[in-house]
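Note: the block below is data07.cif and it holds mmCIF, N, CA and C atoms.
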```
data_structure
loop_
_atom_site.label_atom_id
_atom_site.label_comp_id
_atom_site.auth_asym_id
_atom_site.auth_seq_id
_atom_site.Cartn_x
_atom_site.Cartn_y
_atom_site.Cartn_z
N SER H 30 53.13 18.42 37.49
CA SER H 30 52.11 18.26 38.50
C SER H 30 52.27 19.35 39.56
N LYS H 31 51.18 19.71 40.18
CA LYS H 31 51.18 20.80 41.15
C LYS H 31 51.06 20.28 42.57
N SER H 32 51.13 21.21 43.47
CA SER H 32 50.98 20.89 44.89
C SER H 32 49.58 20.37 45.18
N LEU H 33 49.51 19.54 46.20
CA LEU H 33 48.23 19.01 46.65
C LEU H 33 47.98 19.55 48.05
N LEU H 34 46.89 20.33 48.19
CA LEU H 34 46.49 20.85 49.49
C LEU H 34 45.45 19.91 50.09
N VAL H 35 45.67 19.48 51.30
CA VAL H 35 44.74 18.59 51.99
C VAL H 35 44.31 19.30 53.28
N PRO H 36 43.15 19.98 53.26
CA PRO H 36 42.72 20.75 54.43
C PRO H 36 42.33 19.89 55.63
N ASP H 37 41.91 18.65 55.37
CA ASP H 37 41.52 17.74 56.45
C ASP H 37 41.94 16.33 56.05
N VAL H 38 43.05 15.86 56.63
CA VAL H 38 43.58 14.56 56.24
C VAL H 38 42.63 13.40 56.54
N GLU H 39 41.74 13.59 57.51
CA GLU H 39 40.79 12.52 57.86
C GLU H 39 39.76 12.31 56.76
N LYS H 40 39.58 13.30 55.89
CA LYS H 40 38.61 13.20 54.79
C LYS H 40 39.28 12.87 53.46
N PHE H 41 40.60 12.62 53.48
CA PHE H 41 41.33 12.33 52.25
C PHE H 41 41.49 10.83 52.09
N PRO H 42 40.88 10.25 51.04
CA PRO H 42 40.97 8.80 50.84
C PRO H 42 42.41 8.31 50.68
N GLY H 43 42.75 7.29 51.38
CA GLY H 43 44.07 6.69 51.25
C GLY H 43 45.17 7.40 52.01
N HIS H 44 44.82 8.37 52.82
CA HIS H 44 45.86 9.10 53.57
C HIS H 44 46.55 8.15 54.54
N ILE H 45 47.86 8.20 54.55
CA ILE H 45 48.67 7.39 55.47
C ILE H 45 49.21 8.33 56.54
N ALA H 46 48.72 8.18 57.74
CA ALA H 46 49.14 9.07 58.82
C ALA H 46 50.51 8.68 59.35
N CYS H 47 51.44 9.64 59.30
CA CYS H 47 52.75 9.41 59.90
C CYS H 47 52.81 10.03 61.29
N ASP H 48 51.79 10.83 61.62
CA ASP H 48 51.70 11.45 62.93
C ASP H 48 50.22 11.57 63.27
N SER H 49 49.80 11.02 64.39
CA SER H 49 48.39 11.05 64.77
C SER H 49 47.88 12.46 65.03
N GLU H 50 48.79 13.42 65.23
CA GLU H 50 48.39 14.82 65.47
C GLU H 50 48.15 15.59 64.17
N SER H 51 48.54 15.02 63.03
CA SER H 51 48.40 15.70 61.74
C SER H 51 46.93 15.91 61.40
N LYS H 52 46.58 17.15 61.04
CA LYS H 52 45.21 17.50 60.66
C LYS H 52 45.12 17.95 59.20
N SER H 53 46.17 18.59 58.70
CA SER H 53 46.19 19.02 57.30
C SER H 53 47.62 18.90 56.79
N GLU H 54 47.74 18.97 55.45
CA GLU H 54 49.07 18.87 54.87
C GLU H 54 49.11 19.50 53.49
N ILE H 55 50.33 19.73 53.03
CA ILE H 55 50.57 20.14 51.65
C ILE H 55 51.66 19.21 51.12
N VAL H 56 51.47 18.73 49.91
CA VAL H 56 52.43 17.81 49.29
C VAL H 56 52.85 18.41 47.95
N VAL H 57 54.18 18.53 47.78
CA VAL H 57 54.73 19.12 46.56
C VAL H 57 55.64 18.09 45.90
N PRO H 58 55.36 17.73 44.63
CA PRO H 58 56.20 16.74 43.95
C PRO H 58 57.58 17.30 43.61
N ILE H 59 58.57 16.43 43.70
CA ILE H 59 59.95 16.77 43.32
C ILE H 59 60.31 15.94 42.10
N PHE H 60 60.75 16.63 41.03
CA PHE H 60 61.10 15.94 39.80
C PHE H 60 62.61 15.98 39.56
N ALA H 61 63.12 14.94 38.94
CA ALA H 61 64.52 14.88 38.52
C ALA H 61 64.55 14.15 37.18
N GLY H 62 65.14 14.76 36.19
CA GLY H 62 65.22 14.14 34.87
C GLY H 62 63.87 13.88 34.25
N GLY H 63 62.90 14.74 34.54
CA GLY H 63 61.56 14.60 33.98
C GLY H 63 60.70 13.54 34.65
N LYS H 64 61.21 12.92 35.69
CA LYS H 64 60.45 11.88 36.41
C LYS H 64 60.30 12.26 37.87
N ILE H 65 59.26 11.74 38.48
CA ILE H 65 59.05 12.00 39.90
C ILE H 65 60.19 11.39 40.71
N PHE H 66 60.79 12.19 41.57
CA PHE H 66 61.91 11.77 42.39
C PHE H 66 61.46 11.54 43.84
N GLY H 67 60.51 12.36 44.27
CA GLY H 67 60.02 12.28 45.64
C GLY H 67 59.00 13.37 45.87
N VAL H 68 58.67 13.60 47.12
CA VAL H 68 57.73 14.67 47.47
C VAL H 68 58.22 15.39 48.73
N LEU H 69 57.85 16.65 48.81
CA LEU H 69 57.99 17.42 50.03
C LEU H 69 56.62 17.38 50.68
N ASP H 70 56.52 16.83 51.86
CA ASP H 70 55.25 16.65 52.56
C ASP H 70 55.33 17.40 53.89
N VAL H 71 54.52 18.45 54.03
CA VAL H 71 54.53 19.26 55.24
C VAL H 71 53.18 19.10 55.93
N ASP H 72 53.21 18.69 57.20
CA ASP H 72 51.98 18.47 57.97
C ASP H 72 51.76 19.59 58.97
N SER H 73 50.51 19.73 59.41
CA SER H 73 50.15 20.70 60.43
C SER H 73 49.20 20.06 61.43
N THR H 74 49.24 20.53 62.65
CA THR H 74 48.32 20.04 63.68
C THR H 74 46.99 20.79 63.65
N GLU H 75 46.84 21.74 62.71
CA GLU H 75 45.61 22.50 62.56
C GLU H 75 44.98 22.19 61.21
N TYR H 76 43.65 22.26 61.15
CA TYR H 76 42.94 22.06 59.89
C TYR H 76 43.18 23.26 58.95
N ALA H 77 43.25 22.97 57.66
CA ALA H 77 43.35 23.99 56.60
C ALA H 77 44.48 24.99 56.85
N SER H 78 45.64 24.50 57.22
CA SER H 78 46.77 25.38 57.53
C SER H 78 47.46 25.96 56.30
N PHE H 79 47.28 25.34 55.15
CA PHE H 79 48.03 25.73 53.96
C PHE H 79 47.10 26.29 52.89
N ASP H 80 47.64 27.18 52.06
CA ASP H 80 46.86 27.75 50.97
C ASP H 80 47.71 27.81 49.70
N GLU H 81 47.15 28.42 48.66
CA GLU H 81 47.84 28.51 47.37
C GLU H 81 49.15 29.28 47.48
N LYS H 82 49.20 30.27 48.35
CA LYS H 82 50.44 31.03 48.53
C LYS H 82 51.55 30.13 49.08
N ASP H 83 51.21 29.28 50.04
CA ASP H 83 52.19 28.31 50.55
C ASP H 83 52.66 27.40 49.41
N GLY H 84 51.70 26.93 48.61
CA GLY H 84 52.03 26.07 47.49
C GLY H 84 52.98 26.74 46.52
N HIS H 85 52.73 28.00 46.23
CA HIS H 85 53.57 28.76 45.30
C HIS H 85 55.02 28.80 45.79
N TYR H 86 55.22 29.18 47.04
CA TYR H 86 56.58 29.31 47.55
C TYR H 86 57.26 27.95 47.77
N LEU H 87 56.52 26.95 48.18
CA LEU H 87 57.11 25.62 48.32
C LEU H 87 57.48 25.04 46.95
N GLU H 88 56.68 25.33 45.92
CA GLU H 88 57.01 24.90 44.57
C GLU H 88 58.30 25.57 44.09
N LYS H 89 58.50 26.84 44.45
CA LYS H 89 59.75 27.53 44.09
C LYS H 89 60.94 26.86 44.78
N LEU H 90 60.77 26.53 46.05
CA LEU H 90 61.83 25.84 46.79
C LEU H 90 62.14 24.49 46.16
N VAL H 91 61.10 23.73 45.86
CA VAL H 91 61.28 22.40 45.26
C VAL H 91 61.90 22.52 43.87
N SER H 92 61.60 23.58 43.16
CA SER H 92 62.21 23.79 41.84
C SER H 92 63.73 23.92 41.98
N GLU H 93 64.19 24.62 43.01
CA GLU H 93 65.62 24.74 43.25
C GLU H 93 66.23 23.38 43.59
N ILE H 94 65.51 22.58 44.37
CA ILE H 94 65.97 21.23 44.69
C ILE H 94 66.06 20.39 43.43
N SER H 95 64.99 20.45 42.62
CA SER H 95 64.96 19.69 41.36
C SER H 95 66.11 20.06 40.44
N ASN H 96 66.41 21.36 40.36
CA ASN H 96 67.51 21.81 39.49
C ASN H 96 68.84 21.25 39.95
N SER H 97 69.01 21.03 41.23
CA SER H 97 70.28 20.49 41.72
C SER H 97 70.38 18.97 41.51
N LEU H 98 69.27 18.33 41.17
CA LEU H 98 69.26 16.87 40.96
C LEU H 98 69.53 16.48 39.51
N LYS H 99 69.56 17.44 38.60
CA LYS H 99 69.72 17.12 37.19
C LYS H 99 71.11 16.64 36.87
#
```
Using structure tokens, write down the structure from this file.
Amino acid sequence: SKSLLVPDVEKFPGHIACDSESKSEIVVPIFAGGKIFGVLDVDSTEYASFDEKDGHYLEKLVSEISNSLK
């Protein structure tokens, strides 16, 4: 599974706000042993703060985390 870019959290169905100032977010799944282990969830106080480039580099970071969980 890939990263999920949410440019406006107020328009995302089922969004659970952990901070009332959050306007956008990127969520990257973390896998361990072929199963979902958790997610890296980064919020921003600005709309549309994240793009595919952010997703690419965060996925690389999460891949390193996943490799250490095996």
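Interatomic distance, atom CA of H:Leu98 to atom CA of H:Val68: 13.4 Å.
Between atom CA of H:Ile59 and atom CA of H:Ser73 the separation is 20.1 Å.
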Shortest interatomic distance to H:Glu81 - which of H:Val56, H:Ala46, H:Ile65, H:Leu34, counting all atoms listed in the file: H:Leu34
Evaluate the PyMOL selection byres ((chain H and resi 51) around 8) and report residues as number ranges by chain: H: 37-39, 46-50, 52-54, 72-76
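For chain H, the set of residues given strand (DSSP E) by DSSP on the backbone reads H:Leu33, H:Leu34, H:Val35, H:Ser53, H:Glu54, H:Ile55, H:Val56, H:Val57, H:Pro58, H:Ile59, H:Phe60, H:Ala61, H:Lys64, H:Ile65, H:Phe66, H:Gly67, H:Val68, H:Leu69, H:Asp70, H:Val71, H:Asp72, H:Ser73.
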Selection: 8 Å around H:Glu88, all atoms listed in the file, excl. self and same-chain fewer than 4 positions, as a VMD selection string: chain H and resid 31 to 32 57 to 58 82 to 84 92 to 94
Alpha helix (DSSP H) per DSSP on the backbone: members of stretch 57-96 of chain H, as a PyMOL selection string: chain H and resi 81-96
Point-to-point distance from atom CA of H:Lys89 to atom C of H:Ala77, Å rounded to tenths: 20.1 Å
Contacts of H:Gly62 at 8 Å (all atoms listed in the file; same-chain gap of 6+ positions) as JSON, numbers by chain: {"H": [95, 96, 98, 99]}
Centre, x/y/z edge lengths, axis-aligned box for stretch 77-83 of chain H with 6 Å per side, as JSON:
```
{"center_x": 48.0, "center_y": 27.0, "center_z": 52.5, "size_x": 21.4, "size_y": 20.1, "size_z": 22.3}
```
As a PDB file, in the coordinates of the input, please: stretch 42-60 of chain H completed to N, CA, C and O atoms.
```
ATOM      1  N   PRO H  42      40.880  10.250  51.040  1.00  0.00           N
ATOM      2  CA  PRO H  42      40.970   8.800  50.840  1.00  0.00           C
ATOM      3  C   PRO H  42      42.410   8.310  50.680  1.00  0.00           C
ATOM      4  O   PRO H  42      43.183   8.914  49.961  1.00  0.00           O
ATOM      5  N   GLY H  43      42.750   7.290  51.380  1.00  0.00           N
ATOM      6  CA  GLY H  43      44.070   6.690  51.250  1.00  0.00           C
ATOM      7  C   GLY H  43      45.170   7.400  52.010  1.00  0.00           C
ATOM      8  O   GLY H  43      46.331   7.051  51.843  1.00  0.00           O
ATOM      9  N   HIS H  44      44.820   8.370  52.820  1.00  0.00           N
ATOM     10  CA  HIS H  44      45.860   9.100  53.570  1.00  0.00           C
ATOM     11  C   HIS H  44      46.550   8.150  54.540  1.00  0.00           C
ATOM     12  O   HIS H  44      45.919   7.368  55.241  1.00  0.00           O
ATOM     13  N   ILE H  45      47.860   8.200  54.550  1.00  0.00           N
ATOM     14  CA  ILE H  45      48.670   7.390  55.470  1.00  0.00           C
ATOM     15  C   ILE H  45      49.210   8.330  56.540  1.00  0.00           C
ATOM     16  O   ILE H  45      50.045   9.189  56.247  1.00  0.00           O
ATOM     17  N   ALA H  46      48.720   8.180  57.740  1.00  0.00           N
ATOM     18  CA  ALA H  46      49.140   9.070  58.820  1.00  0.00           C
ATOM     19  C   ALA H  46      50.510   8.680  59.350  1.00  0.00           C
ATOM     20  O   ALA H  46      50.731   7.551  59.749  1.00  0.00           O
ATOM     21  N   CYS H  47      51.440   9.640  59.300  1.00  0.00           N
ATOM     22  CA  CYS H  47      52.750   9.410  59.900  1.00  0.00           C
ATOM     23  C   CYS H  47      52.810  10.030  61.290  1.00  0.00           C
ATOM     24  O   CYS H  47      53.752   9.795  62.029  1.00  0.00           O
ATOM     25  N   ASP H  48      51.790  10.830  61.620  1.00  0.00           N
ATOM     26  CA  ASP H  48      51.700  11.450  62.930  1.00  0.00           C
ATOM     27  C   ASP H  48      50.220  11.570  63.270  1.00  0.00           C
ATOM     28  O   ASP H  48      49.455  12.181  62.520  1.00  0.00           O
ATOM     29  N   SER H  49      49.800  11.020  64.390  1.00  0.00           N
ATOM     30  CA  SER H  49      48.390  11.050  64.770  1.00  0.00           C
ATOM     31  C   SER H  49      47.880  12.460  65.030  1.00  0.00           C
ATOM     32  O   SER H  49      46.683  12.704  65.028  1.00  0.00           O
ATOM     33  N   GLU H  50      48.790  13.420  65.230  1.00  0.00           N
ATOM     34  CA  GLU H  50      48.390  14.820  65.470  1.00  0.00           C
ATOM     35  C   GLU H  50      48.150  15.590  64.170  1.00  0.00           C
ATOM     36  O   GLU H  50      47.640  16.699  64.199  1.00  0.00           O
ATOM     37  N   SER H  51      48.540  15.020  63.030  1.00  0.00           N
ATOM     38  CA  SER H  51      48.400  15.700  61.740  1.00  0.00           C
ATOM     39  C   SER H  51      46.930  15.910  61.400  1.00  0.00           C
ATOM     40  O   SER H  51      46.130  14.978  61.437  1.00  0.00           O
ATOM     41  N   LYS H  52      46.580  17.150  61.040  1.00  0.00           N
ATOM     42  CA  LYS H  52      45.210  17.500  60.660  1.00  0.00           C
ATOM     43  C   LYS H  52      45.120  17.950  59.200  1.00  0.00           C
ATOM     44  O   LYS H  52      44.092  17.781  58.566  1.00  0.00           O
ATOM     45  N   SER H  53      46.170  18.590  58.700  1.00  0.00           N
ATOM     46  CA  SER H  53      46.190  19.020  57.300  1.00  0.00           C
ATOM     47  C   SER H  53      47.620  18.900  56.790  1.00  0.00           C
ATOM     48  O   SER H  53      48.554  18.745  57.564  1.00  0.00           O
ATOM     49  N   GLU H  54      47.740  18.970  55.450  1.00  0.00           N
ATOM     50  CA  GLU H  54      49.070  18.870  54.870  1.00  0.00           C
ATOM     51  C   GLU H  54      49.110  19.500  53.490  1.00  0.00           C
ATOM     52  O   GLU H  54      48.072  19.752  52.879  1.00  0.00           O
ATOM     53  N   ILE H  55      50.330  19.730  53.030  1.00  0.00           N
ATOM     54  CA  ILE H  55      50.570  20.140  51.650  1.00  0.00           C
ATOM     55  C   ILE H  55      51.660  19.210  51.120  1.00  0.00           C
ATOM     56  O   ILE H  55      52.631  18.922  51.834  1.00  0.00           O
ATOM     57  N   VAL H  56      51.470  18.730  49.910  1.00  0.00           N
ATOM     58  CA  VAL H  56      52.430  17.810  49.290  1.00  0.00           C
ATOM     59  C   VAL H  56      52.850  18.410  47.950  1.00  0.00           C
ATOM     60  O   VAL H  56      52.008  18.746  47.131  1.00  0.00           O
ATOM     61  N   VAL H  57      54.180  18.530  47.780  1.00  0.00           N
ATOM     62  CA  VAL H  57      54.730  19.120  46.560  1.00  0.00           C
ATOM     63  C   VAL H  57      55.640  18.090  45.900  1.00  0.00           C
ATOM     64  O   VAL H  57      56.580  17.605  46.519  1.00  0.00           O
ATOM     65  N   PRO H  58      55.360  17.730  44.630  1.00  0.00           N
ATOM     66  CA  PRO H  58      56.200  16.740  43.950  1.00  0.00           C
ATOM     67  C   PRO H  58      57.580  17.300  43.610  1.00  0.00           C
ATOM     68  O   PRO H  58      57.733  18.479  43.305  1.00  0.00           O
ATOM     69  N   ILE H  59      58.570  16.430  43.700  1.00  0.00           N
ATOM     70  CA  ILE H  59      59.950  16.770  43.320  1.00  0.00           C
ATOM     71  C   ILE H  59      60.310  15.940  42.100  1.00  0.00           C
ATOM     72  O   ILE H  59      60.163  14.716  42.115  1.00  0.00           O
ATOM     73  N   PHE H  60      60.750  16.630  41.030  1.00  0.00           N
ATOM     74  CA  PHE H  60      61.100  15.940  39.800  1.00  0.00           C
ATOM     75  C   PHE H  60      62.610  15.980  39.560  1.00  0.00           C
ATOM     76  O   PHE H  60      63.286  16.931  39.931  1.00  0.00           O
TER      77      PHE H  60
END
```
